[in-house]
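Notes follow once the structure below has been shown.
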Amino acid sequence: MSTTTLWIAVLAACALGFAAKYAGYLVPESLVDGRRRSRIIGLLPVALLAGLLVTQTVGGDHGIVLDARLAAVALAVVLLWLRANFVLVVFAAAALAAGLRALGWG
């Protein structure tokens with residue numbers, strides 16, 4: 001892929017992202033009003049981020065890959081469940097993943 005094609009793709013993605021956000025402001029309030037709809041709309045970002053997390057953690061080129069990333073995410077979940085500081089969680093998960101990869105797992 002050439003550099004020009006890559007920049008065109010990046011700029012097109014930026015324009016589409018902006019258009020999608022702008023379209024959200026144009027949606028009538030009656031479409032998002034209501035207790036059930038508000039709850040579903042509020043949970044959509046959580047579901048999308050969870051899907052992204054799973055895809056990036058265990059997704060490989062040809063299937064599911066179990067490596068140091070999965071152990072790091074598991075440690076992060078446990079530390080967050082124990083209400084650890086977020087910076088500590090990030091550094092601990094990164095250190096675990098680096099350590100496991102240094103030992104040859106990953």
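Labels for the structure tokens follow display order: chains A, B, ..., residues from 1 in each chain, ligands from 1.
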
Which residues are close to A:Ala94, i.e. within 12 Å by only C-alpha atoms, leaving aside same-chain residues fewer than 4 positions away? Reply as a PDB file with C-alpha atoms, in the first residue's frame.
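So the final result, stored in around-v7.pdb, reads:
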```pdb
ATOM      1  CA  ALA A  68       1.059 -13.197  27.614  1.00  0.00           C
ATOM      2  CA  ARG A  69      -1.689 -10.703  26.717  1.00  0.00           C
ATOM      3  CA  LEU A  70      -4.367 -12.920  28.240  1.00  0.00           C
ATOM      4  CA  ALA A  71      -2.436 -13.280  31.503  1.00  0.00           C
ATOM      5  CA  ALA A  72      -1.900  -9.512  31.630  1.00  0.00           C
ATOM      6  CA  VAL A  73      -5.596  -8.791  31.115  1.00  0.00           C
ATOM      7  CA  ALA A  74      -6.512 -11.372  33.770  1.00  0.00           C
ATOM      8  CA  LEU A  75      -4.147  -9.672  36.227  1.00  0.00           C
ATOM      9  CA  ALA A  76      -5.635  -6.278  35.339  1.00  0.00           C
ATOM     10  CA  VAL A  87      -1.795   3.443  36.970  1.00  0.00           C
ATOM     11  CA  LEU A  88      -0.672   0.514  39.125  1.00  0.00           C
ATOM     12  CA  VAL A  89      -2.943  -1.807  37.145  1.00  0.00           C
ATOM     13  CA  VAL A  90      -1.463  -0.692  33.828  1.00  0.00           C
ATOM     14  CA  ALA A  98       6.926  -8.317  29.456  1.00  0.00           C
ATOM     15  CA  GLY A  99       8.134 -10.868  31.982  1.00  0.00           C
ATOM     16  CA  LEU A 100       6.201 -13.715  30.381  1.00  0.00           C
ATOM     17  CA  ARG A 101       7.440 -12.756  26.927  1.00  0.00           C
TER      18      ARG A 101
END
```

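Across the model, the gap from atom CA of A:Asn85 to atom CA of A:Ala50 is 20.3 Å.
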
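Atom to atom, atom CA of A:Gly106 and atom CA of A:Thr55 stand 16.3 Å apart.
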
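Here atom CA of A:Trp105 is placed at a distance of 6.3 Å from atom CA of A:Asp67.
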